[in-house]
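Enquirer: One structure follows; several queries about it will come next.
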Number of protein chains: 2
Amino acid sequence: MATDSKVSQLTGERGDGSNAAPASTGSRERAFTRQHAPTLEAVAALAGVSRATVSRVVNGSPKVHPESADAVRKAITTLGYVPNRAARSLVSQQSHAIALVVPEDTTRFFGDVYFASIIAGINDRLEQSDYVLTLMIADHAPQGKMLRYLAGGAVDGVVVVSHHTSDTSLTQVGQMLPVVFGGRSGLAGVDCWVVDVDNVDGAVTATQRLVDRGCQNIATISGPLSMQSALDRVEGWRSTLESAGLTPGPVIDGDYSVVGGARAARALLDEYPEVDGVFVASDLMASGAMPVFIDRGRRIPDDLKVVGYDDSPAAQSCEVPLTTVRQPSVEMGREMADILLDVLAGQTGRQRTTVLSTRLVERESA
Amino acid sequence: MATDSKVSQLTGERGDGSNAAPASTGSRERAFTRQHAPTLEAVAALAGVSRATVSRVVNGSPKVHPESADAVRKAITTLGYVPNRAARSLVSQQSHAIALVVPEDTTRFFGDVYFASIIAGINDRLEQSDYVLTLMIADHAPQGKMLRYLAGGAVDGVVVVSHHTSDTSLTQVGQMLPVVFGGRSGLAGVDCWVVDVDNVDGAVTATQRLVDRGCQNIATISGPLSMQSALDRVEGWRSTLESAGLTPGPVIDGDYSVVGGARAARALLDEYPEVDGVFVASDLMASGAMPVFIDRGRRIPDDLKVVGYDDSPAAQSCEVPLTTVRQPSVEMGREMADILLDVLAGQTGRQRTTVLSTRLVERESA
DNA sequence: TTGTACGCGTTATCAT
DNA sequence: ATGATAACGCGTACAA
């Protein structure tokens, strides 16, 4: 009874004005207030069963008569029913969403194919689940929107990419939500998962290449030293030189950006003109540095050998195709998502740290 | 009474087993099931008021005694209370989230600074609101996760960027949610908002530059012809040539990508060696094409003049700094978000179409 | 197998 | 100014 009246009411409303409105002249174009979406109740009424049964069908419960199941399914499609996310999430205590936290500097972040690939990997894995991705641009406010959001039950887990070591605002998040960091977190005592590429090893590979090719005066153009990855690559570079008995040249911050790379290249040439080999810690920077080297009369690889990092498209479109270190970035994203999904599914055996390895891509610049 | 017992019950549960578990040896590391977050109820109990009063304080209602308000605020901070998003959304029928729909090809999309800037703009505007951004990678499944998500009340509105004209899966969304397209949608009869840059005009500007510089054989490397922006730029190019009494050279699809640009450049030189001016419809493609031109002995701008599009960082790090067309991409994102927010706020006067204009950035390539 | 009834955490409408 | 109380849409023990 009560059910019936409610449904007819719903149907009545729909047939009403609301979707015939667009032609109205000006005052209110449309009432976009969550157009009366059909509810379980409506489906139940149409199918002639109870809400509970509809719910069972929706959630694939085995214990439901095939006949009623069919009726329900039919009702669902004719009504175009979609479960209300909020309601479901309220009762189940799960949002089926995970947050992707990216650094403030959106333009640089998204402009970097390395990160683009990670996102592609994350999405690739998530696509096969029923989780969705929420994009959070990190704000540094200690009580900012981001934290409130993450704490408000809007997501079940968090993926953090490119996290500066100095940023501790995420520390508290790790206590209520599972957090997976891409790239070493650098955060001490935070209970989380980490998927990283072996930056030290990658830098060793790159630098060793320079050494093997006979370079004697080897410098590096690094990323911002506030990032662990940048630190690690510098360390790999330095240790390789030391093992080789070479004196490390200067370390110049190129900010992981094209213009930063160009700037760094100029500084490098000024400060250390005898340089004959340089490990540039990202292809993006290398693509900025390369023209500078050439401008200043260095022939590559004859006078100056250059090894990049990332194997991004930029590496191939450089003046001189760039020998570089390939990172398994897509795989990294996939792995991060996979871990999070496992953890959310209650799986317990996941390694806290996963290290993916790199490999040298040999081209012409070194 | 009822309230009291309920609260103590809650507290009891909390003191119970569930959060004392982490020390357990191995079987379950942690119960990440939305760690009993404090609720209104808990805050109310601690502050010695009713849920209603707490709710009023949280939502800044004026009608609450300063004294109780203080008590509530204190309770909130000591408990670390954050309103539950799902519950709030269930009753208010609003999610306070908007979806950013991006095309399938994640890597390319995010690798393009043009889109990165748009996202930056969107975020810039959203930051000043209490809306969050949800990232949806478009799947083409007609009944896919994306549609279900958008229909499930998880978001209040949608922003679509880089929409292929052939993709109609979003058509139905426009009927239940406000949708803002970035770049002309190309979808007929869809009730939505559009923010676009004047691609035709931008291409005219670019091509006119070539004409003014005395080029006689002008070709274009275009984006994928399934995208309206690519189509428009071709049209601007063609119309300019016709007004100038010049015969248009070939149109070669460079796919808006670096390698596509390189490929297109090779094809162009093969097919139309007399070319002395080319409008490349994105800087990314231009940065791929430029090395090819130079490789094949074309001096730029002497033998061949090149004008790009986007004014992306790539334009400056080209072998020859690229004359290009700047798009107001950040502003575009900001505008899209602004429109959506206005519409969601019930504002009615918003133009359905907003066209942002471009301007030529003169450098050396033409 | 199916239906009833309760609860998830908030907001909003009432009385008080 | 404040406190009960009824929704909001759904999942699920429990009863039938």
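Every chain in the structure tokens takes a letter, A first, then B, and so on in the order presented; its residues are numbered from 1, and the ligands are numbered from 1 following the presented order.
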Got a sec: who's within 6 Å of stretch 6-16 of chain D, counting only C-alpha atoms (C1' of nucleotides), leaving out chain neighbours fewer than 4 positions off, as a ChimeraX atom specification?

Expert: /A:87-88 /B:90-91

Enquirer: Could you write those residues out with C-alpha atoms, as a PDB file, in the first residue's frame?

Expert:
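Output saved as result-v8.pdb:
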```pdb
ATOM      1  CA  ALA A  87      23.202   5.403   0.803  1.00  0.00           C
ATOM      2  CA  ARG A  88      25.149   2.324  -0.005  1.00  0.00           C
TER       3      ARG A  88
ATOM      4  CA  LEU B  90      22.344  11.135   1.496  1.00  0.00           C
ATOM      5  CA  VAL B  91      20.143  13.664   3.168  1.00  0.00           C
TER       6      VAL B  91
END
```

Enquirer: Excluding same-chain residues fewer than 6 positions from A:Gly182, what lies within 8 Å of it counting only C-alpha atoms (C1' of nucleotides), as a ChimeraX atom specification?

Expert: /A:159-163,194-196,332-333,336

Enquirer: Quick one: residues within 12 Å of A:Asn59, only C-alpha atoms (C1' of nucleotides), excluding same-chain residues fewer than 2 positions away - as a ChimeraX atom specification?

Expert: /A:52-57,61-64,69,73,82-83,88 /D:10-12

Enquirer: Sorted by chain and rising residue number, which residues of chain D lie within 7 Å of chain B, and what are their closest atom pairs and distances in Å to one decimal, counting only C-alpha atoms (C1' of nucleotides), as a tab-separated table?

Expert:
```
residue	atom	partner	partner_atom	distance
D:DA1	C1'	B:Val64	CA	5.7
D:DT2	C1'	B:Thr53	CA	6.9
D:DG3	C1'	B:Ser50	CA	6.3
D:DC8	C1'	B:Val91	CA	4.4
```

Enquirer: Residues as selected, N, CA and C atoms (P, O5', C5', C4', C3', O3' and C1' of nucleotides), written as a PDB file, in the first residue's frame, can you do that?

Expert:
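The result, stored in part16.pdb:
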```
ATOM      1  P    DA D   1      18.760  32.655  19.840  1.00  0.00           P
ATOM      2  O5'  DA D   1      19.381  31.305  20.415  1.00  0.00           O
ATOM      3  C5'  DA D   1      20.148  31.295  21.576  1.00  0.00           C
ATOM      4  C4'  DA D   1      19.796  30.071  22.369  1.00  0.00           C
ATOM      5  C3'  DA D   1      20.498  28.790  21.913  1.00  0.00           C
ATOM      6  O3'  DA D   1      20.856  28.045  23.064  1.00  0.00           O
ATOM      7  C1'  DA D   1      18.154  28.487  21.789  1.00  0.00           C
ATOM      8  P    DT D   2      21.795  26.812  22.959  1.00  0.00           P
ATOM      9  O5'  DT D   2      20.739  25.646  22.852  1.00  0.00           O
ATOM     10  C5'  DT D   2      20.042  25.224  24.020  1.00  0.00           C
ATOM     11  C4'  DT D   2      19.003  24.203  23.646  1.00  0.00           C
ATOM     12  C3'  DT D   2      19.543  22.902  23.039  1.00  0.00           C
ATOM     13  O3'  DT D   2      19.435  21.903  24.031  1.00  0.00           O
ATOM     14  C1'  DT D   2      17.515  23.625  22.023  1.00  0.00           C
ATOM     15  P    DG D   3      20.288  20.598  23.875  1.00  0.00           P
ATOM     16  O5'  DG D   3      19.100  19.570  23.697  1.00  0.00           O
ATOM     17  C5'  DG D   3      17.945  19.735  24.500  1.00  0.00           C
ATOM     18  C4'  DG D   3      16.775  18.969  23.917  1.00  0.00           C
ATOM     19  C3'  DG D   3      17.148  17.589  23.344  1.00  0.00           C
ATOM     20  O3'  DG D   3      16.160  16.664  23.749  1.00  0.00           O
ATOM     21  C1'  DG D   3      16.005  18.855  21.711  1.00  0.00           C
ATOM     22  P    DC D   8      12.036  10.567   2.211  1.00  0.00           P
ATOM     23  O5'  DC D   8      13.582  10.502   1.835  1.00  0.00           O
ATOM     24  C5'  DC D   8      14.397  11.657   1.788  1.00  0.00           C
ATOM     25  C4'  DC D   8      15.838  11.220   1.680  1.00  0.00           C
ATOM     26  C3'  DC D   8      16.008   9.826   1.077  1.00  0.00           C
ATOM     27  O3'  DC D   8      16.323   9.959  -0.304  1.00  0.00           O
ATOM     28  C1'  DC D   8      17.450  10.197   2.989  1.00  0.00           C
TER      29       DC D   8
END
```

Enquirer: Return as a PyMOL selection string the full set of residues in stretch 126-351 of chain B whose backbone-based DSSP assignment is helix (DSSP H, G or I).

Expert: chain B and resi 126+145-151+173-175+199-212+228-243+258-271+283-295+313-316+329-344

Enquirer: Select, as a list of chain:residue names, those residues of chain C with any atom no more than 9 Å from chain A (distances computed using only C-alpha atoms (C1' of nucleotides)).

Expert: C:DT1, C:DT2, C:DG3, C:DG7, C:DC8, C:DG9

Enquirer: Could the residues in this selection be written to a file with N, CA and C atoms (P, O5', C5', C4', C3', O3' and C1' of nucleotides), as a PDB file, in the first residue's frame?

Expert:
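Saved file out24.pdb follows:
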```
ATOM      1  P    DT C   1      16.474 -20.799  -2.494  1.00  0.00           P
ATOM      2  O5'  DT C   1      15.700 -19.455  -2.935  1.00  0.00           O
ATOM      3  C5'  DT C   1      14.590 -19.539  -3.750  1.00  0.00           C
ATOM      4  C4'  DT C   1      13.439 -18.868  -3.049  1.00  0.00           C
ATOM      5  C3'  DT C   1      13.451 -17.336  -3.164  1.00  0.00           C
ATOM      6  O3'  DT C   1      12.277 -16.940  -3.847  1.00  0.00           O
ATOM      7  C1'  DT C   1      13.009 -18.052  -0.923  1.00  0.00           C
ATOM      8  P    DT C   2      12.078 -15.463  -4.311  1.00  0.00           P
ATOM      9  O5'  DT C   2      11.556 -14.731  -3.017  1.00  0.00           O
ATOM     10  C5'  DT C   2      10.216 -14.958  -2.575  1.00  0.00           C
ATOM     11  C4'  DT C   2       9.996 -14.273  -1.250  1.00  0.00           C
ATOM     12  C3'  DT C   2      10.190 -12.762  -1.268  1.00  0.00           C
ATOM     13  O3'  DT C   2       8.913 -12.156  -1.161  1.00  0.00           O
ATOM     14  C1'  DT C   2      11.041 -13.779   0.715  1.00  0.00           C
ATOM     15  P    DG C   3       8.798 -10.567  -1.409  1.00  0.00           P
ATOM     16  O5'  DG C   3       8.550 -10.063   0.081  1.00  0.00           O
ATOM     17  C5'  DG C   3       7.477 -10.621   0.829  1.00  0.00           C
ATOM     18  C4'  DG C   3       7.635 -10.274   2.291  1.00  0.00           C
ATOM     19  C3'  DG C   3       7.718  -8.775   2.592  1.00  0.00           C
ATOM     20  O3'  DG C   3       6.873  -8.488   3.692  1.00  0.00           O
ATOM     21  C1'  DG C   3       9.553  -9.889   3.561  1.00  0.00           C
ATOM     22  P    DG C   7      17.917  -0.103  15.797  1.00  0.00           P
ATOM     23  O5'  DG C   7      19.197   0.280  14.930  1.00  0.00           O
ATOM     24  C5'  DG C   7      20.078  -0.744  14.502  1.00  0.00           C
ATOM     25  C4'  DG C   7      21.016  -0.177  13.464  1.00  0.00           C
ATOM     26  C3'  DG C   7      21.486   1.248  13.758  1.00  0.00           C
ATOM     27  O3'  DG C   7      22.871   1.340  13.504  1.00  0.00           O
ATOM     28  C1'  DG C   7      20.497   1.169  11.613  1.00  0.00           C
ATOM     29  P    DC C   8      23.734   2.496  14.119  1.00  0.00           P
ATOM     30  O5'  DC C   8      24.533   3.048  12.863  1.00  0.00           O
ATOM     31  C5'  DC C   8      25.253   2.175  12.003  1.00  0.00           C
ATOM     32  C4'  DC C   8      25.471   2.881  10.694  1.00  0.00           C
ATOM     33  C3'  DC C   8      25.624   4.388  10.855  1.00  0.00           C
ATOM     34  O3'  DC C   8      27.010   4.715  10.908  1.00  0.00           O
ATOM     35  C1'  DC C   8      24.176   3.797   8.999  1.00  0.00           C
ATOM     36  P    DG C   9      27.560   5.543  12.136  1.00  0.00           P
ATOM     37  O5'  DG C   9      27.318   7.035  11.627  1.00  0.00           O
ATOM     38  C5'  DG C   9      28.028   7.482  10.491  1.00  0.00           C
ATOM     39  C4'  DG C   9      27.462   8.792  10.022  1.00  0.00           C
ATOM     40  C3'  DG C   9      27.466   9.907  11.068  1.00  0.00           C
ATOM     41  O3'  DG C   9      27.911  11.085  10.443  1.00  0.00           O
ATOM     42  C1'  DG C   9      25.292   9.613  10.235  1.00  0.00           C
TER      43       DG C   9
END
```

Enquirer: Counting only C-alpha atoms, give me one row per residue of chain B with an atom at most 7 Å from an atom of chain A, showing the shortest contact pair and its distance in Å to one decimal, sorted by chain then residue number, as a tab-separated table.

Expert:
```
residue	atom	partner	partner_atom	distance
B:Ser27	CA	A:Thr348	CA	6.9
B:Arg28	CA	A:Thr348	CA	5.9
B:Glu29	CA	A:Thr348	CA	6.5
B:Phe32	CA	A:Leu177	CA	6.3
B:Arg34	CA	A:Gln93	CA	6.6
B:Gln35	CA	A:Met176	CA	6.0
B:Val82	CA	A:Gly152	CA	5.5
B:Pro83	CA	A:Gly152	CA	5.9
B:Asn84	CA	A:Gly152	CA	5.0
B:Arg85	CA	A:Gly152	CA	5.6
B:Ala86	CA	A:Ala86	CA	4.6
B:Ala87	CA	A:Leu90	CA	5.9
B:Ser89	CA	A:Ala86	CA	6.1
B:Leu90	CA	A:Ala86	CA	5.4
B:Gln93	CA	A:Arg34	CA	6.7
B:Thr106	CA	A:Ala120	CA	5.5
B:Thr107	CA	A:Ala116	CA	4.9
B:Phe110	CA	A:Phe110	CA	5.1
B:Gly111	CA	A:Val113	CA	4.7
B:Asp112	CA	A:Gly111	CA	5.5
B:Val113	CA	A:Gly111	CA	4.7
B:Ala116	CA	A:Thr107	CA	4.9
B:Ser117	CA	A:Thr107	CA	5.4
B:Ala120	CA	A:Thr106	CA	5.5
B:Leu133	CA	A:Leu135	CA	5.6
B:Thr134	CA	A:Thr134	CA	4.2
B:Leu135	CA	A:Thr134	CA	5.3
B:Met136	CA	A:Leu133	CA	6.9
B:Arg148	CA	A:Val82	CA	6.5
B:Ala151	CA	A:Val82	CA	6.5
B:Gly152	CA	A:Asn84	CA	5.0
B:Gly153	CA	A:Asn84	CA	6.0
B:Ala154	CA	A:Arg85	CA	5.9
B:Met176	CA	A:Gln35	CA	6.0
B:Leu177	CA	A:Phe32	CA	6.3
B:Pro178	CA	A:Phe32	CA	6.8
B:Gly288	CA	A:Ser317	CA	5.9
B:Pro291	CA	A:Glu319	CA	6.7
B:Ser317	CA	A:Gly288	CA	5.9
B:Glu319	CA	A:Pro291	CA	6.8
B:Thr348	CA	A:Arg28	CA	6.0
```

Enquirer: Deliver the residues from the most recent selection as a file, using C-alpha atoms, as a short mmCIF file (atom, residue, chain, number, x, y, z; two decimals), in the first residue's frame.

Expert:
```
data_model
loop_
_atom_site.label_atom_id
_atom_site.label_comp_id
_atom_site.auth_asym_id
_atom_site.auth_seq_id
_atom_site.Cartn_x
_atom_site.Cartn_y
_atom_site.Cartn_z
CA SER B 27 46.79 -12.77 10.80
CA ARG B 28 45.41 -9.27 10.39
CA GLU B 29 47.71 -6.32 10.43
CA PHE B 32 41.13 -0.72 7.98
CA ARG B 34 36.84 2.89 8.51
CA GLN B 35 38.20 3.07 12.02
CA VAL B 82 34.76 15.17 10.67
CA PRO B 83 31.26 14.99 9.22
CA ASN B 84 30.54 11.82 7.33
CA ARG B 85 30.34 12.61 3.71
CA ALA B 86 27.98 9.83 2.77
CA ALA B 87 25.44 10.62 5.43
CA SER B 89 25.19 13.54 0.97
CA LEU B 90 22.34 11.14 1.50
CA GLN B 93 21.01 14.96 -2.12
CA THR B 106 45.54 8.65 -20.22
CA THR B 107 49.20 8.87 -21.03
CA PHE B 110 48.15 13.86 -18.98
CA GLY B 111 51.39 14.24 -20.85
CA ASP B 112 50.00 17.28 -22.58
CA VAL B 113 50.62 20.49 -20.72
CA ALA B 116 47.55 19.94 -17.39
CA SER B 117 46.88 23.65 -17.40
CA ALA B 120 45.24 23.43 -12.87
CA LEU B 133 37.23 16.61 -8.09
CA THR B 134 36.67 13.02 -9.08
CA LEU B 135 38.71 11.63 -11.92
CA MET B 136 36.88 9.50 -14.43
CA ARG B 148 26.78 4.09 -13.55
CA ALA B 151 24.17 8.29 -12.55
CA GLY B 152 24.60 7.04 -9.02
CA GLY B 153 24.54 10.46 -7.49
CA ALA B 154 28.22 10.39 -6.74
CA MET B 176 20.52 14.27 -15.32
CA LEU B 177 23.60 16.27 -14.47
CA PRO B 178 24.93 19.61 -15.59
CA GLY B 288 58.53 16.10 -33.03
CA PRO B 291 64.12 17.66 -35.81
CA SER B 317 62.82 24.16 -25.95
CA GLU B 319 65.72 23.66 -31.76
CA THR B 348 20.49 30.74 -14.19
#
```

Enquirer: Just list the residues in stretch 219-296 of chain A DSSP gives strand (DSSP E) on the backbone, as an NGL selection string.

Expert: :A and (219-222 or 251-253 or 277-280)

Enquirer: In Å to one decimal, how far is atom CA of A:Val179 from atom CA of A:Glu331?

Expert: 17.9 Å
